[in-house]
Amino acid sequence: MIVRTPTLLQRLRSCAGLRRFACDEDGTITIFGLMMFVLMVGVGGIAVDVMRYETQRIQLQYTLDRAILAAAAINQQGDPEEVVRDYFAVSGLENYRLTVEPETGFNYRRVSARAEMDINSMFMHMFGIRALTSPAFGVAEERVQNVEISMVLDISGSMGRNSKLANMQSAASEFVTSVMEPNNYDTDEMLVSMSIIPYNGRVNAGSTIESVFTLSDEHDASNCTRFDPADYETTAIDPVEPVERLAHFDYDNRNQYYSNVTRYQQYYYRPHCQTSDYGAILPWSSNISALHAHINSLNANGWTAIDLGMKWGVGLLDPVAAPALQALEDAGSVHEDFADRPRAFDDDETMKIVILMTDGENTNQYDVVQQYKRGPSTVYYHEEDERWSMYIPDEDIFWIPNNNYNDRNGTFSDEPYRGNESVAIPWPYIWANYSARTFAGHFYYQAARRLGDYDYYYDLRYDSTELYAGANSADANLRDICDAAREQNIIVFTIAFEAPRRGENVMRYCATSDAHYYDVEGIEISEAFASIANTIEQLKLVQ
């Protein structure tokens with residue numbers, strides 16, 4: 001029998017209450033929710049602090065980048081450190097710590113900077129982190145490399161319309177002034193060399209190039225050149241290997257007949273290639289005045305041979321041309337600092353650039369046919385007796401007029417007048433003094449009439465000149481030389497200046513990238529040249 005005393009009953013009731021409390025689940029979720037809320041607030045607060053930190057860091061880095069870029073510009077006249085500090089002063093940032101280390105050399109300026117800025121935490125202080133420090137660091141450098149530039153300028157007849165020539169001359173002159181800034185004319189230390197290659201339907205190599213390159217020796221009256229298609233597959237123009245001259249002849253008047261040859265030679269003869277240095281190549285110059293003068297001397301005339309201009313422009317950047325430059329340096333025509341140029345294509349210290357500009361498209365290119373271009377002609381002359389003899393290949397016979405070369409009367413013979421005493425007139429002399437129609441008419445018409453065989457007469461009159469490169473061939477040549485330049489990492493900027501679609505297409509093809517191609521009208525050409533000049537400056541963040 002169990003006796004329930006008051007004390008025992010109280011103990012039993014107390015134990016029952018503890019069991020009920022232990023087993024009661026009311027309020028458990030509330031406690032868990034409070035714990036999660038505190039945790040979420042903490043995490044969210046950390047995120048807010050981190051976002052504030054990152055925003056400040058980005059603003060700090062952006063300000064520092066802009067500041068050191070401006071300070072590193074070589075043409076910037078202020079103290080580099082002061083430039084950086086001025087940028088920060090107007091940025092709206094406060095309580096920053098800034099260290100600036102400028103370094104300036106002959107051809108470069110380098111500015112490194114480090115900045116720090118504290119931001120008080122709003123939530124992370126609950127975890128013992130009272131402030132976050134935003135760092136920013138950067139190095140900007142403008143390093144003027146050895147720069148070799150070829151500026152290939154269109155001076156064809158269409159450039160004479162709509163003030164295009166004047167706009168080009170102004171833009172190109174400003175470009176020269178800008179890109180020549182790295183040259184120190186006070187200390188006579190040169191980094192930038194430039195060649196100007198004007199072109200229309202021809203390129204006049206000029207007397208300077210002729211003096212250090214080997215041009216073919218058919219004549220020495222003019223210095224326009226031509227290339228075979230295979231020549232466009234390489235950037236090189238070897239100074240030792242002969243470059244073929246265009247014949248010295250009158251293409252425009254080839255179908256005109258002049259009975260008075262002396263009058264024709266004095267008043268009407270128009271050589272296909274100019275005999276002066278007008279529009280000639282100006283190679284490897286650092287003389288701003290000379291470059292400006294050459295640009296401003298150009299006039300608009302002729303057809304368009306973009307491929308010829310580009311071939312010479314690229315060729316003057318190829319190290320194969322070094323002996324030619326060295327010869328000009330020895331003669332005092334090129335600055336001594338350029339004596340080791342054109343440098344190797346893989347020289348990390350050298351940047352090679354072509355600016356190729358046109359307002360048109362490739363057209364036809366003409367020359368005297370090869371069989372009539374050089375060597376002795378089929379016309380013989382006996383100087384003592386002043387007698388002429390004309391050989392007719394189709395008949396294997398000589399026509400010997402009685403008196404002057406166009407005398408209606410004469411005789412046929414198996415040999416020229418007095419045999420070996422007569423001397424063959426060189427073909428270059430013929431084309432330097434007669435139009436094709438005049439030559440054929442004066443020397444061969446009477447013989448053709450007497451023989452009843454006009455084949456050789458017609459051949460001389462109509463077929464003594466040739467189309468050696470048409471528009472399609474010239475476009476193919478241009479693409480080939482642009483491909484060759486691309487393989488050698490030559491940077492090519494192209495400007496289509498109010499050009500037709502076909503011209504735009506080849507300019508776009510030749511450009512190193514779409515960013516290197518400019519399609520402009522009117523005075524926009526100045527903006528194109530200015531943009532190219534800014535790119536060449538190669539101002540960049542290096543870290």
# chains A, B, ... in the order shown; residues from 1 in each chain; ligands from 1

$ residues_around --residues "Val379 in chain A" --least-positions-apart "4" --cutoff "10 Å" --atoms "only C-alpha atoms" --output "count of residues only"
18

$ select_by_dssp --residues "range 404-441 of chain A" --states "alpha helix (DSSP H)" --output "ChimeraX atom specification"
/A:427-433,436-441

$ residues_around --residues "range 407-412 of chain A" --least-positions-apart "6" --cutoff "9 Å" --atoms "only C-alpha atoms" --output "list in words"
Ile397, Phe398, Trp399, Ile400, Pro401, His442, Phe443, Gln446, Ala447 and Arg450 of chain A

$ write_last_selection --atoms "N, CA and C atoms" --output "PDB file, in the first residue's frame"
ATOM      1  N   ILE A 397      62.941  42.799-146.560  1.00  0.00           N
ATOM      2  CA  ILE A 397      63.485  43.684-147.578  1.00  0.00           C
ATOM      3  C   ILE A 397      63.604  45.100-147.020  1.00  0.00           C
ATOM      4  N   PHE A 398      64.482  45.915-147.621  1.00  0.00           N
ATOM      5  CA  PHE A 398      64.673  47.298-147.206  1.00  0.00           C
ATOM      6  C   PHE A 398      64.060  48.247-148.242  1.00  0.00           C
ATOM      7  N   TRP A 399      63.391  49.258-147.755  1.00  0.00           N
ATOM      8  CA  TRP A 399      62.914  50.342-148.610  1.00  0.00           C
ATOM      9  C   TRP A 399      63.861  51.522-148.406  1.00  0.00           C
ATOM     10  N   ILE A 400      64.470  52.017-149.522  1.00  0.00           N
ATOM     11  CA  ILE A 400      65.448  53.107-149.454  1.00  0.00           C
ATOM     12  C   ILE A 400      64.901  54.282-150.259  1.00  0.00           C
ATOM     13  N   PRO A 401      64.310  55.300-149.582  1.00  0.00           N
ATOM     14  CA  PRO A 401      63.801  56.469-150.310  1.00  0.00           C
ATOM     15  C   PRO A 401      64.942  57.200-151.009  1.00  0.00           C
ATOM     16  N   HIS A 442      55.444  58.462-141.821  1.00  0.00           N
ATOM     17  CA  HIS A 442      56.630  59.053-142.442  1.00  0.00           C
ATOM     18  C   HIS A 442      57.598  58.005-142.983  1.00  0.00           C
ATOM     19  N   PHE A 443      57.744  56.923-142.267  1.00  0.00           N
ATOM     20  CA  PHE A 443      58.797  55.972-142.610  1.00  0.00           C
ATOM     21  C   PHE A 443      58.306  54.753-143.404  1.00  0.00           C
ATOM     22  N   GLN A 446      54.982  54.824-147.627  1.00  0.00           N
ATOM     23  CA  GLN A 446      55.318  54.735-149.051  1.00  0.00           C
ATOM     24  C   GLN A 446      55.750  53.327-149.436  1.00  0.00           C
ATOM     25  N   ALA A 447      56.497  52.671-148.565  1.00  0.00           N
ATOM     26  CA  ALA A 447      56.915  51.293-148.859  1.00  0.00           C
ATOM     27  C   ALA A 447      55.708  50.369-148.877  1.00  0.00           C
ATOM     28  N   ARG A 450      53.832  50.896-152.097  1.00  0.00           N
ATOM     29  CA  ARG A 450      54.506  50.303-153.258  1.00  0.00           C
ATOM     30  C   ARG A 450      54.388  48.778-153.243  1.00  0.00           C
TER      31      ARG A 450
END

$ closest_residue --among "A:Thr358, A:Gln266, A:Ser286, A:Ser112" --to "Ala71 in chain A" --atoms "only C-alpha atoms"
A:Ser112

$ atom_distance --atom1 "CA of Met507 in chain A" --atom2 "CA of Met357 in chain A"
8.1 Å

$ residues_around --residues "Ser473 in chain A" --least-positions-apart "6" --cutoff "12 Å" --atoms "only C-alpha atoms" --output "list of chain:residue names"
A:Phe227, A:Asp228, A:Pro229, A:Ala230, A:Tyr232, A:Ala305, A:Ile306, A:Asp307, A:Leu308, A:Asn362, A:Thr363, A:Asn364, A:Gln365, A:Leu467, A:Arg479, A:Asp480

$ select_by_dssp --residues "range 369-542 of chain A" --states "strand (DSSP E or B)" --output "MDAnalysis selection string"
chainID A and resid 376:382 387:392 397:401 410:413 423:426 465:469 491:497 517:520 539:541

$ closest_residue --among "A:Ala247, A:Val152, A:Val111, A:Ala528" --to "Thr465 in chain A" --atoms "only C-alpha atoms"
A:Ala247

$ closest_residue --among "A:Glu527, A:Leu153, A:Glu383, A:Ala140" --to "Glu421 in chain A" --atoms "only C-alpha atoms"
A:Glu383

$ residues_around --residues "Arg270 in chain A" --least-positions-apart "2" --cutoff "7 Å" --atoms "only C-alpha atoms" --output "PyMOL selection string"
chain A and resi 250+268+272

$ write_last_selection --atoms "C-alpha atoms" --output "tab-separated table (two decimals), in the first residue's frame"
chain	number	residue	atom	x	y	z
A	250	ASP	CA	53.68	60.05	-126.38
A	268	TYR	CA	52.83	68.96	-129.08
A	272	HIS	CA	53.69	59.57	-121.05

$ closest_residue --among "A:Ile155, A:Ile237, A:Leu246, A:Ile281" --to "Leu298 in chain A" --atoms "only C-alpha atoms"
A:Ile155

$ closest_residue --among "A:Ala136, A:Asn120, A:Ser435, A:Glu81" --to "Arg97 in chain A" --atoms "only C-alpha atoms"
A:Ala136

$ closest_residue --among "A:Pro376, A:Pro102, A:Pro198, A:Gly138" --to "Met310 in chain A" --atoms "only C-alpha atoms"
A:Pro198

$ residues_around --residues "Arg226 in chain A" --least-positions-apart "3" --cutoff "12 Å" --atoms "only C-alpha atoms" --output "PyMOL selection string"
chain A and resi 201-205+215-216+223+229-232+237+242-247+273+305+307-309+311-312+365-368+468-469+474+477

$ atom_distance --atom1 "CA of Gly332 in chain A" --atom2 "CA of Ser285 in chain A"
11.5 Å

$ residues_around --residues "Glu101 in chain A" --least-positions-apart "5" --cutoff "12 Å" --atoms "only C-alpha atoms" --output "ChimeraX atom specification"
/A:68,71-72,79-85,109-115,137-141

$ write_last_selection --atoms "C-alpha atoms" --output "compact mmCIF listing (two decimals), in the first residue's frame"
# COMPACT_ATOMS: atom_id res chain seq x y z
CA ILE A 68 48.01 58.43 -65.92
CA ALA A 71 50.12 62.35 -67.77
CA ALA A 72 52.01 59.84 -69.96
CA ASP A 79 54.56 67.90 -64.84
CA PRO A 80 53.25 64.30 -64.99
CA GLU A 81 52.72 64.01 -61.23
CA GLU A 82 50.82 67.29 -61.10
CA VAL A 83 48.63 66.15 -63.99
CA VAL A 84 47.66 63.00 -62.09
CA ARG A 85 46.96 64.92 -58.88
CA ARG A 109 57.20 58.66 -70.89
CA ARG A 110 56.00 56.18 -68.27
CA VAL A 111 53.76 57.05 -65.35
CA SER A 112 52.88 54.58 -62.61
CA ALA A 113 50.49 55.44 -59.82
CA ARG A 114 48.95 53.78 -56.79
CA ALA A 115 45.90 55.05 -54.90
CA PHE A 137 47.14 50.69 -59.51
CA GLY A 138 48.16 51.34 -63.07
CA VAL A 139 51.01 52.08 -65.42
CA ALA A 140 50.57 54.10 -68.61
CA GLU A 141 53.27 54.50 -71.17

$ decode --residues "range 65-161 of chain A" --atoms "C-alpha atoms" --output "PDB file, in the first residue's frame"
ATOM      1  CA  ASP A  65      43.596  55.264 -65.462  1.00  0.00           C
ATOM      2  CA  ARG A  66      42.449  58.521 -67.054  1.00  0.00           C
ATOM      3  CA  ALA A  67      44.969  60.500 -65.026  1.00  0.00           C
ATOM      4  CA  ILE A  68      48.010  58.428 -65.919  1.00  0.00           C
ATOM      5  CA  LEU A  69      47.007  58.212 -69.589  1.00  0.00           C
ATOM      6  CA  ALA A  70      46.912  62.004 -69.757  1.00  0.00           C
ATOM      7  CA  ALA A  71      50.125  62.349 -67.773  1.00  0.00           C
ATOM      8  CA  ALA A  72      52.010  59.839 -69.965  1.00  0.00           C
ATOM      9  CA  ALA A  73      51.340  61.691 -73.218  1.00  0.00           C
ATOM     10  CA  ILE A  74      54.687  62.860 -74.576  1.00  0.00           C
ATOM     11  CA  ASN A  75      53.176  66.005 -76.080  1.00  0.00           C
ATOM     12  CA  GLN A  76      51.755  66.939 -72.664  1.00  0.00           C
ATOM     13  CA  GLN A  77      53.788  69.861 -71.325  1.00  0.00           C
ATOM     14  CA  GLY A  78      52.832  69.757 -67.634  1.00  0.00           C
ATOM     15  CA  ASP A  79      54.560  67.899 -64.839  1.00  0.00           C
ATOM     16  CA  PRO A  80      53.250  64.303 -64.987  1.00  0.00           C
ATOM     17  CA  GLU A  81      52.724  64.011 -61.234  1.00  0.00           C
ATOM     18  CA  GLU A  82      50.821  67.291 -61.102  1.00  0.00           C
ATOM     19  CA  VAL A  83      48.629  66.149 -63.991  1.00  0.00           C
ATOM     20  CA  VAL A  84      47.656  63.005 -62.085  1.00  0.00           C
ATOM     21  CA  ARG A  85      46.961  64.920 -58.882  1.00  0.00           C
ATOM     22  CA  ASP A  86      44.879  67.489 -60.773  1.00  0.00           C
ATOM     23  CA  TYR A  87      42.702  64.704 -62.192  1.00  0.00           C
ATOM     24  CA  PHE A  88      42.068  63.394 -58.685  1.00  0.00           C
ATOM     25  CA  ALA A  89      41.399  66.867 -57.342  1.00  0.00           C
ATOM     26  CA  VAL A  90      38.466  67.392 -59.721  1.00  0.00           C
ATOM     27  CA  SER A  91      37.176  63.820 -59.543  1.00  0.00           C
ATOM     28  CA  GLY A  92      35.019  64.298 -56.452  1.00  0.00           C
ATOM     29  CA  LEU A  93      36.972  61.682 -54.519  1.00  0.00           C
ATOM     30  CA  GLU A  94      38.108  62.547 -51.012  1.00  0.00           C
ATOM     31  CA  ASN A  95      40.468  61.182 -48.357  1.00  0.00           C
ATOM     32  CA  TYR A  96      42.482  59.157 -50.844  1.00  0.00           C
ATOM     33  CA  ARG A  97      46.167  58.295 -50.598  1.00  0.00           C
ATOM     34  CA  LEU A  98      48.027  58.762 -53.879  1.00  0.00           C
ATOM     35  CA  THR A  99      51.554  57.911 -54.971  1.00  0.00           C
ATOM     36  CA  VAL A 100      52.812  58.879 -58.466  1.00  0.00           C
ATOM     37  CA  GLU A 101      56.083  57.776 -60.052  1.00  0.00           C
ATOM     38  CA  PRO A 102      56.823  59.355 -63.461  1.00  0.00           C
ATOM     39  CA  GLU A 103      59.708  58.260 -65.665  1.00  0.00           C
ATOM     40  CA  THR A 104      60.741  60.065 -68.843  1.00  0.00           C
ATOM     41  CA  GLY A 105      63.288  58.991 -71.458  1.00  0.00           C
ATOM     42  CA  PHE A 106      64.305  60.130 -74.920  1.00  0.00           C
ATOM     43  CA  ASN A 107      61.478  58.407 -76.729  1.00  0.00           C
ATOM     44  CA  TYR A 108      59.049  57.525 -73.971  1.00  0.00           C
ATOM     45  CA  ARG A 109      57.199  58.658 -70.889  1.00  0.00           C
ATOM     46  CA  ARG A 110      55.996  56.184 -68.273  1.00  0.00           C
ATOM     47  CA  VAL A 111      53.759  57.053 -65.348  1.00  0.00           C
ATOM     48  CA  SER A 112      52.882  54.580 -62.606  1.00  0.00           C
ATOM     49  CA  ALA A 113      50.491  55.440 -59.816  1.00  0.00           C
ATOM     50  CA  ARG A 114      48.949  53.782 -56.794  1.00  0.00           C
ATOM     51  CA  ALA A 115      45.900  55.048 -54.902  1.00  0.00           C
ATOM     52  CA  GLU A 116      44.058  53.851 -51.807  1.00  0.00           C
ATOM     53  CA  MET A 117      40.828  54.983 -50.260  1.00  0.00           C
ATOM     54  CA  ASP A 118      39.079  53.798 -47.087  1.00  0.00           C
ATOM     55  CA  ILE A 119      35.358  53.261 -46.761  1.00  0.00           C
ATOM     56  CA  ASN A 120      33.681  52.770 -43.366  1.00  0.00           C
ATOM     57  CA  SER A 121      31.623  49.601 -43.168  1.00  0.00           C
ATOM     58  CA  MET A 122      27.937  49.808 -42.324  1.00  0.00           C
ATOM     59  CA  PHE A 123      27.422  46.202 -41.305  1.00  0.00           C
ATOM     60  CA  MET A 124      30.743  44.420 -41.282  1.00  0.00           C
ATOM     61  CA  HIS A 125      31.813  46.292 -38.153  1.00  0.00           C
ATOM     62  CA  MET A 126      29.533  43.845 -36.337  1.00  0.00           C
ATOM     63  CA  PHE A 127      32.097  41.223 -37.284  1.00  0.00           C
ATOM     64  CA  GLY A 128      35.060  43.349 -36.278  1.00  0.00           C
ATOM     65  CA  ILE A 129      35.772  44.941 -39.696  1.00  0.00           C
ATOM     66  CA  ARG A 130      35.325  48.670 -39.284  1.00  0.00           C
ATOM     67  CA  ALA A 131      36.703  49.825 -42.696  1.00  0.00           C
ATOM     68  CA  LEU A 132      37.594  48.488 -46.172  1.00  0.00           C
ATOM     69  CA  THR A 133      40.507  49.821 -48.257  1.00  0.00           C
ATOM     70  CA  SER A 134      39.972  50.205 -52.036  1.00  0.00           C
ATOM     71  CA  PRO A 135      43.228  49.852 -54.010  1.00  0.00           C
ATOM     72  CA  ALA A 136      43.939  51.105 -57.522  1.00  0.00           C
ATOM     73  CA  PHE A 137      47.141  50.687 -59.506  1.00  0.00           C
ATOM     74  CA  GLY A 138      48.162  51.336 -63.069  1.00  0.00           C
ATOM     75  CA  VAL A 139      51.008  52.076 -65.422  1.00  0.00           C
ATOM     76  CA  ALA A 140      50.573  54.105 -68.605  1.00  0.00           C
ATOM     77  CA  GLU A 141      53.269  54.496 -71.174  1.00  0.00           C
ATOM     78  CA  GLU A 142      53.626  56.339 -74.431  1.00  0.00           C
ATOM     79  CA  ARG A 143      56.653  54.972 -76.147  1.00  0.00           C
ATOM     80  CA  VAL A 144      57.555  56.436 -79.490  1.00  0.00           C
ATOM     81  CA  GLN A 145      59.003  53.613 -81.484  1.00  0.00           C
ATOM     82  CA  ASN A 146      61.072  53.873 -84.599  1.00  0.00           C
ATOM     83  CA  VAL A 147      58.364  54.606 -87.113  1.00  0.00           C
ATOM     84  CA  GLU A 148      58.692  54.120 -90.866  1.00  0.00           C
ATOM     85  CA  ILE A 149      55.820  55.545 -92.895  1.00  0.00           C
ATOM     86  CA  SER A 150      54.927  55.442 -96.568  1.00  0.00           C
ATOM     87  CA  MET A 151      52.167  57.854 -97.593  1.00  0.00           C
ATOM     88  CA  VAL A 152      50.742  56.844-100.970  1.00  0.00           C
ATOM     89  CA  LEU A 153      48.682  59.689-102.445  1.00  0.00           C
ATOM     90  CA  ASP A 154      46.348  59.698-105.436  1.00  0.00           C
ATOM     91  CA  ILE A 155      46.939  62.644-107.802  1.00  0.00           C
ATOM     92  CA  SER A 156      44.837  61.395-110.728  1.00  0.00           C
ATOM     93  CA  GLY A 157      42.676  63.758-112.771  1.00  0.00           C
ATOM     94  CA  SER A 158      39.532  63.202-110.699  1.00  0.00           C
ATOM     95  CA  MET A 159      41.305  64.692-107.686  1.00  0.00           C
ATOM     96  CA  GLY A 160      40.951  68.049-109.423  1.00  0.00           C
ATOM     97  CA  ARG A 161      37.195  68.081-108.828  1.00  0.00           C
TER      98      ARG A 161
END
